[in-house]
Structures are given as structure tokens and as C-alpha cells.
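Asks: The structure is given below, and queries will be raised subsequently.
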Amino acid sequence: MKNLVVTNNQLASIKKNLVDGLTIASGAKSTATYYHTRDEQEKAIRSAVVKLYNESKELPLILANQKGSTGKFIQEVLLNEFKSTYTGGACNIVNPQDWYDNDLSDKAILGALYNLNENGIPYVLRLFNDLKKNKVNNDRSRKIVLGYIFGHPNLEFNALKYRNKIAVALEHVYGKRNTSILISIAKDYLTTGVYKNENELQMVNSMVAMFDGGNDVDRALMILLFIFKEGDESMYGVSEFGLLSQYFDAKKDITDISKVPEEVLIGLISNKNHPQYDQLWSTPVKRESTKKLIRTKNEVTSVNQQVRQTKSNAKLGVKKTVNLEKATDYMALYKTGFETGFTSEINDAIDGLAEKKRMNLPYNNIGIVLDMSESMKGHKQESKNTPKAIAMFTSKVLGKSADSSTKVTTGKAGTDLASAFISLMRKEDETKPYDAVFFLTDGYENVYEGLTNEVVTAFLTETGRYMPIFQVSPITGAETGANVRELGNEIVKMAVNSPSALIGQMQARMLEVDTKQWLLTQLETLESKDVSRYAKNKINA
Amino acid sequence: MNTTREFTDLLKGTRPIKDSDGNIVVQTIMNMQIVGLTADDEYSLDSRFANPLTVLKASNRSYGEVTLSTTGGKETIAPPQMAMMTKQRAQNHTMMKAGYVKNSKTFNDAGCVEGSQGGHFTNVTGSELRFVPVTMREMLLNAVGQTNGHGNAYPAVTKLGEDTRSDAGTYLDRYFSKYDKKLEEFIAHFERPEKLIGVIVLIDGEIVAIDKYPSFSYAEQVWDLLIRDCYGALAIMAELKGLTGRKSFTEVLNSTRPTNSTSVLDRLETALNKTKKKITKSVEEKIQDLLDMTLEATDDADGNRGRATSDPKSYILKNEGYIGQVISETDYHHLVSIVKKEAYNPTALRTVNQMKRKAKGQDPFSL
């Protein structure tokens, strides 16, 4: 990549939008939070993405490639990108030759899609379904959708679990008429073993084969038929289709099914036409015992979901051993801990996960003030204890990421961060002074608003020390700067919904120092990405 | 029948929540402070009264009345001045007071809070039950027992609209519509301490409201609404007046001279403790002023009509500076709700109390 083309005049405005964008990207979700409705958050994200795009079309994609960007933000960025034409929007940062001809644009889009996939398949499918809602269907979006769906290593499972969503996405990109033709070709071909003419072969190649990563096209076509409810049961043998064959078995008898997702099984048995409906689902008591049966047998529930099911398992009387070490969703572990108690297994799993999420912190010795007051439990609008879990896990990850860390927590009765700060500084080892202090808090002080800032300011003034102080707020912000409660001027605030977002936020601070260098680093990272438009099976879902 | 109630008697069994250093825990935002009250476990009747916000259903058949009912024969106390802000094609109403409810109870002194809207409501529950702002309480309590017509609450709504620049007229929902988002955020400003049973609210250093509930769980159930709907209006009014909090810590720190022998942290900690003590002391003084206060208790005829002798009774409390309500069972006070009259200057009470204390200290005449 050649040098950046951005001018110094543009940098100031780009810097501001990037910092604002990073805050939104790492904080805002589509769900309602303590302070903001879902609509408000979505509007805020949309407006931030449009602002970034208008500044320069590379900016939203650069942010969507950052670790810690929320699924909703990435969705909006990709949707916005696909809404515009390939060459639409101004390229003010990178030379357009690099962006278009040297594939930076593709890498940025695919990198963002990979990042979105890290948030979970439903996020990606929601994006594909949003394409339909927004009537977006162009060559780029079509290839992305088909590559993701057919190149996915768990295509069979996805077809079973997300059948309708995938059907909507496919029908949208193919168009109704072509979908119907493709289904007809697939049916004939799978029956006779030959295509009727060259056109049929070309259609299958351009609509399916080129996206399945060189795998078995016959298999892809059979799954396609299943997705559109056109597949005949006899096609799906146990040896080739371990999951789909069980699905057809479950349509007759669900009692011995282990590889069909729980939601799908419940969907089948709750249908009055199912032969076992009267026997297994017609009364609340029968439902409870059937749910228990399904859950006991089920082998395809992800570890994270199993963790989340701990409480309902206890209620249903299901005894299942969950390998907590494999859990990757810290929120599931914390929620389970809050609901059923923090057992040593849960604590070990959290500890292990925090170790895995270690960050590249620019500080060796850090101090942490963790706000454990009542307000951190959250509010009825969001699920209980979410802010607390974010803060607790972030404090763990921070602790693991530094060579040494000291933590002080506030009491339950109120948010007295000022006293906690003094306690923290008293615990400082003189031989290893803190390089930075992190307040993990919602920012709502109780003694009086602004007290912590007064104490911190007095400390820094009287000691003459330079020590960066961060406020990491687990409450997401819908509008930059307006909604995360600031502790004060001396304290840099960040809104995060997970520890990984912290790095993005810190980068925001770094980009304030040298925006051009930051942009260059990001673009070089994009350039080195090992992604390809047609080999989507690298997506590790 | 009129009797009197001592302030100390009304809040008996409770005490302010203090930190480990013995300071009263005072939570502050702008010019507003909140002090939590707690009690021993035996005086928190957690299993006695059901959650009013989930068990109560409000209906009416004529304007100016509200029938509250509970399911399954449960008893509860409807929190002070609860309003029915419904989406039904019906006229929103408010209670003028708190009310003991078992099975069903009709209150005939309720008031309309939605001007010209017509229609009666049925089974209003959950999020359609709101608390009216604390600044309306005085006018509503003054109208308790007025069972003629349905306009009892209009003056209070109109005044709220003026105070909060919400152009409410006789429509309380206009106020909520304008400030709901701000009020929602306001909840997070205050922590609900564990074992909270009541609250004392101060504005500009003067006590303006006191609420005591039947139990810790009852206080927890109504906390969000109490902060958001009821006390939130005070913060909105403070913001409209451009009032901000003082930098008390910096003032204290600047008034102490650094010495060579004390470390920076010692100095800061000392100043912080002094700041907290200063806040505590000022609150203590204000509470102290109320300790000698006596209120006249008038039988709330409308609230007590149809009650069994053993049921809790409602009384309206009044003196020159404060107005409120107590729901008592014999001498046990389940719910106390008192507000300062807006026109009242508490320094007058301070002078009266000083004279009272002097009088108490005088020896009887003798030779």
C-alpha cells in the first residue's frame, strides 16, 4: 500500500469522528440498556456510521474490523456499505487504486464479516435478512451471502437451526423466480444424476457450487432443498446427514433424538399435527416433562447455552455436567453465578477465560477501583446484573493483562469512589508505582457528584504525578459523550460492553495523539488479512 | 376525632443509615440530598403486605373515585398519591393519599389528572401506575376528604406544570411525556441501601419530605418509582433553576494547611472525612429540628370507611409547617408520609423549638 492520501486539513475532522465512532462501535448494542431504548441506540449507531461514511468510506469499515466492535455496529456498517454502490462514497484516506484494485475494499468487508461472525451466526443472518428489508441486492452483497452460507463448515447444522432465516436470505439474493428454478433443477438432478442442459449446470455453478468452497455440490443441493422444505426424507441418510436424518425421525418420534437443537424439537412437538402432541405436549405438566426429556438427551447445545441453562435445568430437574472450561461467554458464566451461586468451577472458568482474553495493555502496574454498588446491578430494562458482570470481568482481564494489579471495591451502600481511590493509592507499592488507574463504574456517585474528580485532581496536583486515570463504564452510550456519566475532567471515560472493547477505546485515545499513524497501522492490518471473497469457509463459526 | 402525633413517635423503630465511621450516609445530587432510614428486622413486616405495584388493580365507575383491589384476599398499602396513567380511553386519576387495601376499597376523594378526557378505566396495573411528583403532595393532601366532584387535583397539576415548565395545564401526562427520559436516568443517581425502610429528602439543606414504609421489601418495590416519579421533579426544578452542587471537598481541603509531617494521602483522607462529617452534621441538625415537632392527626373518614376495627387506620397529619399522612394499626405506624408546606420557612420552627427546649429546661416555680 502506498502512502495515505488524507490531507492535514481533513485529519482534525476525521479524528473527531473516529473517536466518536469508536465509542459507539464498542458500546452500543441493539438491546435496550439502563438509559436508552433500543430505538435510540439503533438511531445513534446508524447516524454514526453515516457520518463516518460521509467523511471517508474507509472509516466505518476500519472500525468494524476492530476487535470489540459490537455486532449491531458491524451490521450497520456492512448494511451501509452494501446499500452504496461499489464505487460510491469518497475515498479520502487511501488511494482509490489501493482500495478498489488492490482488494483493500474486499478485505475490509470480509474482515468485518469475520468480526461479525465472532459475535455469533444470528448476527450475520440478521444482516442478511436486513438486506431484504432494505431492498439491497447487488453483486457484492450476493457473493458475501452465498459464500457465507454455503462455505460454512457447519452448513448442515445451520440449515437445521436457522432454516427459515437462511431461506429468507437465499430467496432474497436469488430472487423468487431463480429460487424456484434452482429448486426444480436440484430436484431433477438429484433424482436423475444429470443436468438437462448446459444452462442448468451453469446456474448451479454460479448459484451454489462456486460458493461451497469446492466441497460436495450434491450435498449442498440436498441441503438447499431441505432449507426450502423441498427435500425428500429418503435423501438424508444417517451416514451422510447425521443431523437432518434425526430431524425427520423427530417428526415422528422425539423421544430418542439427541442431535436436533432444542428449539427445533420444541417447534416440532408443539405443533398439534405432531403424532406425539397429545402424549407429550398437550398439558403444562406434559410440557415440563417433555422439556426435561429433550434437554437431557440433547447433545448439540453449545457450552455457552448450557451454562445459561443452569438455572432452568435445576428447575426442570435436569442433571447435566457442563464443561465450563470450554465456555467462551463470560456473561453466561457471570449470570449463572449470580443466579445459582459462584461455585469454584464457575470461578475457575471465569478465571481461565479472563486469562485467554488478556489484552496488550500499554501499562505494567495498574490500580483498579471496582464499583460494586447497587446501581451496578442494572435496571429492569436490561437483564439484571449485566453492568456488574461487565465490570467484574473487565477488572479480571485488566488484572491478568498487567504485570501487577491492585484492586479496591466500593461498598454496597453507596458509590464512594473517592474513598476507594484513596484506599487504592494507600495500597500502592512504592517500588512498583501504578502506571494507570482504572475506575470500573457507572459513574453515578452518591456522596455528591464530582467528588471523585475533586479528590483525583487534588492528588495529581499535590503529588505532581503523571498517571493516566480511566473511567471504564459498563453502560453503553447511545450518543457519544452525552450518556456515559463522566466522573470528571481528569478522568478519561470509556463505554464498554466487554473487556475486548477496552482496547478499541484505548486506541481511540492513541489515535488522538497521532491520527495518521493510527490509520496507517489499521490499513496495514487490513492489507495483511488472510481473507478471500470466494473461500468463505475460513470463517471460523 | 383529632389527636396529636409526635414526630419521634411517627418514625419510631427507624434510624438513619450510617457508615462504618458513624456518619449518616447522605446521597447528593445538585441541591437535593437523600438520607435512608433503616430499622431492626423485626420492624420490617416483609411478609405482611403484598407488592403494591403488582397486586393492585385500579378501576373506577365515576369521576373522582378510584377503586383499588387486590387479588386472592391479599392486603397491601397503596403508596402515597399513586396515579393511574392509562392508555385506556379513560380519564387518568390520582389518589390524594396512601390507602390500606384488602380485597377491594373505593376511595371517593380521588381526582382527575387529565382535563377534558372522558371515560372510566378498568384494571389499571403495572407500569400504568405512577407516583405523582412530591411537589404536588401538599395540595393533594389538603384536598383529602373532598368527595364532591373530581377536580381536586387540578390545581396541583397546574402548579407542577408551571414549576417544571412542562405546560401541563390539567394534564399530568404532559409532564411525564416531557421528562420521562430524564426521570428514568435519575433513578441511577441514588443507590437503594440494603434494609432501607424509609427516606428523608432535603432540598437546599432543608427537609422537604419524609417517607417511611411497612418493610424493607416494600421500600425496594417502590424505590424506582419513588425516585423517578416522586422525587425526580425536585431535580428537574433544580436543573431549571440552574442549581449545582458545591465543591465541598475542595473547600475543606483549601481551608487546611499542608504540613511537612502529613502525607498527601493523609491530607486528602482527612479532608474527605471532614467533608463527609460536615455533610452529616448539617443533615443531623435539620433532623434534630424536627424531633420536637408535633402534628395534629385527623381521622381520614374516607380512607377508614367500611374498615374492620382491627384494620389499619389512616390519619391526615398537619401542623403549621408540614402536612402528611400516617397509616397505623393501634400504635404501630405502617406508613408515614410527610412533606414540608411550600410556603413554610423552617427557621421559624427552629426558633419555636429553641423556645420549647428552653421552656423544658426551666425549673418549676418554687419558693
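Residue numbers start at 1 in each chain; chains themselves are named A, B, ... in the order of the C-alpha cells; ligands are numbered from 1 in the order shown.
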Could you list, as a ChimeraX atom specification, the residues of chain B having an atom within 7 Å of chain A when counting only C-alpha atoms?

Replies: /B:26-29,185,188-194,249-250,264-265,269

Asks: Would you kindly return, as a list in words, each protein, DNA or RNA residue with an atom no farther than 12 Å from any atom of Leu424 in chain A, considering only C-alpha atoms and excluding same-chain residues fewer than 4 positions away?

Replies: Ile366, Gly367, Ile368, Val369, Leu370, Ser405, Thr406, Lys407, Val408, Thr409, Thr410, Leu417, Ala418, Ser419, Ala420, Glu428, Asp429, Pro433, Tyr434, Ala436, Val437, Phe438, Phe439 and Val456 of chain A; Leu265 and Glu269 of chain B

Asks: Determine which residues of range 9-78 of chain B receive a DSSP assignment of alpha helix (DSSP H), computed from the backbone, and state them as a PyMOL selection string.

Replies: chain B and resi 9-10+52-55

Asks: Selected residues, C-alpha atoms, written as a PDB file, in the first residue's frame, please.

Replies:
ATOM      1  CA  ASP B   9     -43.315   8.633  67.603  1.00  0.00           C
ATOM      2  CA  LEU B  10     -44.176   8.530  63.904  1.00  0.00           C
ATOM      3  CA  PRO B  52     -48.488  -2.831  45.739  1.00  0.00           C
ATOM      4  CA  LEU B  53     -47.182  -2.446  42.215  1.00  0.00           C
ATOM      5  CA  THR B  54     -48.016  -5.987  41.202  1.00  0.00           C
ATOM      6  CA  VAL B  55     -51.037  -6.814  43.321  1.00  0.00           C
TER       7      VAL B  55
END

Asks: Env of Glu156 in chain A: 12 Å cut, atoms = only C-alpha atoms, seq-sep filter 6 positions within chain, self excluded. Answer as a list in words.

Replies: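 So, after excluding close chain neighbours, the residues are Ile149, Phe150, Tyr162, Arg163, Ile166, Arg219, Ala220, Leu221, Met222, Ile223, Leu224, Leu225, Phe226, Ile227, Tyr236, Glu240, Phe241, Gly242, Leu243, Leu244, Ser245, Gln246, Tyr247, Lys259, Val260 and Pro261 of chain A.
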
Asks: Once you have the residues from the selection above, write them out as a PDB file, in the first residue's frame, restricted to C-alpha atoms.

Replies:
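Final output, part_7.pdb:
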ATOM      1  CA  ILE A 149     -23.946 -19.730   3.843  1.00  0.00           C
ATOM      2  CA  PHE A 150     -22.542 -22.423   1.535  1.00  0.00           C
ATOM      3  CA  TYR A 162     -31.639 -21.334  11.216  1.00  0.00           C
ATOM      4  CA  ARG A 163     -33.669 -22.837   8.385  1.00  0.00           C
ATOM      5  CA  ILE A 166     -31.363 -18.828   5.682  1.00  0.00           C
ATOM      6  CA  ARG A 219     -24.687 -32.385  -0.675  1.00  0.00           C
ATOM      7  CA  ALA A 220     -25.064 -28.592  -0.929  1.00  0.00           C
ATOM      8  CA  LEU A 221     -28.073 -29.071  -3.225  1.00  0.00           C
ATOM      9  CA  MET A 222     -29.680 -31.540  -0.840  1.00  0.00           C
ATOM     10  CA  ILE A 223     -29.264 -29.068   1.996  1.00  0.00           C
ATOM     11  CA  LEU A 224     -30.671 -26.357  -0.233  1.00  0.00           C
ATOM     12  CA  LEU A 225     -33.771 -28.478  -0.775  1.00  0.00           C
ATOM     13  CA  PHE A 226     -34.068 -29.057   2.948  1.00  0.00           C
ATOM     14  CA  ILE A 227     -33.842 -25.312   3.621  1.00  0.00           C
ATOM     15  CA  TYR A 236     -30.946 -37.742   4.099  1.00  0.00           C
ATOM     16  CA  GLU A 240     -24.203 -38.572   5.336  1.00  0.00           C
ATOM     17  CA  PHE A 241     -26.646 -36.383   7.225  1.00  0.00           C
ATOM     18  CA  GLY A 242     -26.398 -37.238  10.898  1.00  0.00           C
ATOM     19  CA  LEU A 243     -28.426 -34.202  11.924  1.00  0.00           C
ATOM     20  CA  LEU A 244     -31.020 -33.907   9.165  1.00  0.00           C
ATOM     21  CA  SER A 245     -31.842 -37.603   9.346  1.00  0.00           C
ATOM     22  CA  GLN A 246     -32.632 -37.169  13.026  1.00  0.00           C
ATOM     23  CA  TYR A 247     -34.815 -34.196  12.165  1.00  0.00           C
ATOM     24  CA  LYS A 259     -28.727 -34.082  17.613  1.00  0.00           C
ATOM     25  CA  VAL A 260     -31.561 -31.725  16.792  1.00  0.00           C
ATOM     26  CA  PRO A 261     -31.407 -28.337  18.559  1.00  0.00           C
TER      27      PRO A 261
END

Asks: Between A:Ile183, A:Ala389, A:Val492, A:Val145, which residue has the minimum interatomic distance to Ala332 in chain A, considering only C-alpha atoms?

Replies: A:Ala389

Asks: Could you list, as JSON, numbers by chain, every residue within 8 Å of Glu329 in chain B, counting only C-alpha atoms and ignoring same-chain residues fewer than 5 positions away?

Replies: {"B": [310, 311, 312, 313, 334]}

Asks: With only C-alpha atoms as the atoms that count, which of B:Tyr100, B:Tyr154, B:Tyr344, B:Phe216 lies nearest to Ser328 in chain B?

Replies: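 So, comparing all the options, the nearest one is B:Tyr100.
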
Asks: Could you name the residues that touch Asn178 in chain A at 12 Å or less, counting only C-alpha atoms, but leaving out those on the same chain fewer than 5 positions away, as a list in words?

Replies: Leu170, Glu171, His172, Val173, Ile183, Ser184, Ile185, Ala186, Glu200, Met203, Val204, Ser206 and Met207 of chain A

Asks: Store the residues of this selection in a file with C-alpha atoms, as a compact mmCIF listing (two decimals), in the first residue's frame.

Replies:
# COMPACT_ATOMS: atom_id res chain seq x y z
CA LEU A 170 -31.25 -17.13 -0.11
CA GLU A 171 -34.59 -16.32 -1.69
CA HIS A 172 -33.72 -12.64 -1.49
CA VAL A 173 -30.33 -12.94 -3.19
CA ILE A 183 -35.04 -25.93 -6.63
CA SER A 184 -36.50 -27.57 -9.70
CA ILE A 185 -33.04 -28.19 -11.21
CA ALA A 186 -31.78 -29.60 -7.89
CA GLU A 200 -28.73 -25.82 -15.66
CA MET A 203 -26.90 -21.99 -12.91
CA VAL A 204 -25.90 -24.49 -10.25
CA SER A 206 -22.93 -19.76 -10.35
CA MET A 207 -25.54 -20.03 -7.60

Asks: Between A:Asp218, A:Asp256, A:Glu512, A:Glu339, which has the minimum distance to Asn385 in chain A (counting only C-alpha atoms)?

Replies: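 Ranked by minimum distance to Asn385 in chain A, first place goes to A:Glu339.
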
Asks: Hey, what's within 10 Å of Leu280 in chain A if we count only C-alpha atoms and toss same-chain stuff fewer than 4 positions away? As a list of chain:residue names, please?

Replies: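 Everything that qualifies: A:Ile254, A:Thr255, A:Ile269, A:Ser270, A:His274, A:Pro275, A:Gln276, A:Pro284, A:Val285, A:Lys286, A:Arg287, A:Glu288, A:Ser289, A:Thr290, A:Lys291.
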
Asks: Contacts of Arg137 in chain B at 9 Å or less, counting only C-alpha atoms, minus same-chain residues fewer than 5 places along, as a ChimeraX atom specification?

Replies: /B:80-81,96-97,132,142,156,323-324,338-339

Asks: For the residues in that selection, give me N, CA and C atoms as a compact mmCIF listing (two decimals), in the first residue's frame.

Replies:
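Written file, result_5.txt:
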# COMPACT_ATOMS: atom_id res chain seq x y z
N PRO B 80 -48.31 6.46 48.72
CA PRO B 80 -48.89 7.81 48.71
C PRO B 80 -49.06 8.36 47.31
N GLN B 81 -50.21 8.91 47.07
CA GLN B 81 -50.53 9.64 45.83
C GLN B 81 -50.14 8.87 44.57
N MET B 96 -55.36 10.86 46.39
CA MET B 96 -54.91 12.04 47.12
C MET B 96 -53.95 11.64 48.24
N LYS B 97 -53.89 10.34 48.50
CA LYS B 97 -53.20 9.88 49.71
C LYS B 97 -52.78 8.43 49.51
N VAL B 132 -47.22 10.47 41.87
CA VAL B 132 -47.22 11.87 41.46
C VAL B 132 -46.00 12.56 42.07
N ASN B 142 -54.10 18.38 51.10
CA ASN B 142 -55.08 19.38 51.55
C ASN B 142 -56.48 19.08 51.04
N ALA B 156 -53.04 21.27 41.66
CA ALA B 156 -51.70 20.73 41.89
C ALA B 156 -51.00 20.41 40.56
N ILE B 323 -47.32 18.70 56.35
CA ILE B 323 -48.59 18.02 56.15
C ILE B 323 -48.26 16.59 55.70
N GLY B 324 -49.10 15.66 56.11
CA GLY B 324 -48.77 14.28 55.74
C GLY B 324 -49.88 13.31 56.10
N ILE B 338 -44.73 12.49 54.97
CA ILE B 338 -44.86 13.89 55.40
C ILE B 338 -44.11 14.78 54.41
N VAL B 339 -44.70 15.91 54.06
CA VAL B 339 -43.97 16.88 53.22
C VAL B 339 -44.03 18.26 53.87

Asks: One decimal, Å: what's the distance from CA of Asp109 in chain B over to CA of Glu65 in chain B, could you say?

Replies: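 For CA of Asp109 in chain B relative to CA of Glu65 in chain B, the distance reads 6.1 Å.
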
Asks: Could you check which of A:Thr328, A:Ser473, A:Asn154, A:Asn360 is closest to Ile491 in chain A, using only C-alpha atoms?

Replies: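 Using only C-alpha atoms, the shortest distance to Ile491 in chain A belongs to A:Ser473.
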
Asks: Please report the interatomic distance between CA of Leu172 in chain B and CA of Ala301 in chain B in Å with one decimal.

Replies: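 CA of Ala301 in chain B lies at a distance of 26.8 Å from CA of Leu172 in chain B.
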
Asks: DSSP on the backbone: which residues in range 54-253 of chain B end up as strand (DSSP E or B)? Give the answer as an MDAnalysis selection string.

Replies: chainID B and resid 56:59 66:70 75:78 82:84 93:94 99:102 104:107 111:112 114 124 129:131 171 198:203 206:212

Asks: Can I get the selection written as a PDB file, in the first residue's frame, with C-alpha atoms?

Replies:
ATOM      1  CA  LEU B  56     -53.117  -3.664  42.945  1.00  0.00           C
ATOM      2  CA  LYS B  57     -55.685  -3.158  40.216  1.00  0.00           C
ATOM      3  CA  ALA B  58     -57.356   0.221  39.824  1.00  0.00           C
ATOM      4  CA  SER B  59     -60.775   0.841  38.316  1.00  0.00           C
ATOM      5  CA  VAL B  66     -60.828   5.103  42.473  1.00  0.00           C
ATOM      6  CA  THR B  67     -61.428   1.514  43.456  1.00  0.00           C
ATOM      7  CA  LEU B  68     -58.316  -0.409  44.335  1.00  0.00           C
ATOM      8  CA  SER B  69     -58.474  -4.156  44.579  1.00  0.00           C
ATOM      9  CA  THR B  70     -56.070  -6.926  45.351  1.00  0.00           C
ATOM     10  CA  GLU B  75     -53.607  -6.895  51.869  1.00  0.00           C
ATOM     11  CA  THR B  76     -51.361  -4.052  50.893  1.00  0.00           C
ATOM     12  CA  ILE B  77     -50.973  -0.329  51.237  1.00  0.00           C
ATOM     13  CA  ALA B  78     -51.288   1.758  48.102  1.00  0.00           C
ATOM     14  CA  MET B  82     -50.479   6.898  43.247  1.00  0.00           C
ATOM     15  CA  ALA B  83     -51.745   7.925  39.814  1.00  0.00           C
ATOM     16  CA  MET B  84     -53.405   5.806  37.161  1.00  0.00           C
ATOM     17  CA  HIS B  93     -56.853   9.827  38.035  1.00  0.00           C
ATOM     18  CA  THR B  94     -54.717  10.161  41.099  1.00  0.00           C
ATOM     19  CA  GLY B  99     -54.554   3.767  51.325  1.00  0.00           C
ATOM     20  CA  TYR B 100     -54.844   0.435  53.057  1.00  0.00           C
ATOM     21  CA  VAL B 101     -56.440  -2.134  50.757  1.00  0.00           C
ATOM     22  CA  LYS B 102     -57.646  -5.632  51.443  1.00  0.00           C
ATOM     23  CA  SER B 104     -61.247  -4.057  47.467  1.00  0.00           C
ATOM     24  CA  LYS B 105     -61.595  -0.478  48.593  1.00  0.00           C
ATOM     25  CA  THR B 106     -63.149   2.557  46.942  1.00  0.00           C
ATOM     26  CA  PHE B 107     -61.683   5.982  47.606  1.00  0.00           C
ATOM     27  CA  GLY B 111     -59.015  13.443  41.491  1.00  0.00           C
ATOM     28  CA  CYS B 112     -58.780  13.676  37.753  1.00  0.00           C
ATOM     29  CA  GLU B 114     -56.384  14.557  32.609  1.00  0.00           C
ATOM     30  CA  VAL B 124     -55.124  -0.460  35.553  1.00  0.00           C
ATOM     31  CA  LEU B 129     -49.451   3.022  37.995  1.00  0.00           C
ATOM     32  CA  ARG B 130     -47.214   6.033  38.643  1.00  0.00           C
ATOM     33  CA  PHE B 131     -46.397   8.191  41.647  1.00  0.00           C
ATOM     34  CA  TYR B 171     -52.847  17.005  32.141  1.00  0.00           C
ATOM     35  CA  GLY B 198     -37.717   4.957  54.632  1.00  0.00           C
ATOM     36  CA  VAL B 199     -36.253   8.118  53.192  1.00  0.00           C
ATOM     37  CA  ILE B 200     -35.684  11.711  54.255  1.00  0.00           C
ATOM     38  CA  VAL B 201     -35.300  14.175  51.397  1.00  0.00           C
ATOM     39  CA  LEU B 202     -33.622  17.548  51.712  1.00  0.00           C
ATOM     40  CA  ILE B 203     -33.616  20.405  49.245  1.00  0.00           C
ATOM     41  CA  GLU B 206     -33.988  21.756  54.370  1.00  0.00           C
ATOM     42  CA  ILE B 207     -36.058  18.645  54.926  1.00  0.00           C
ATOM     43  CA  VAL B 208     -38.887  18.610  52.420  1.00  0.00           C
ATOM     44  CA  ALA B 209     -40.176  15.047  52.561  1.00  0.00           C
ATOM     45  CA  ILE B 210     -40.152  12.026  54.825  1.00  0.00           C
ATOM     46  CA  ASP B 211     -41.428   8.612  53.819  1.00  0.00           C
ATOM     47  CA  LYS B 212     -41.495   5.501  55.953  1.00  0.00           C
TER      48      LYS B 212
END

Asks: I'd like to know which of A:His152, A:Gly68, A:Asn364, A:Asn102 is closest to Leu116 in chain A, using only C-alpha atoms.

Replies: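 That would be A:Gly68, the residue with the smallest distance to Leu116 in chain A.
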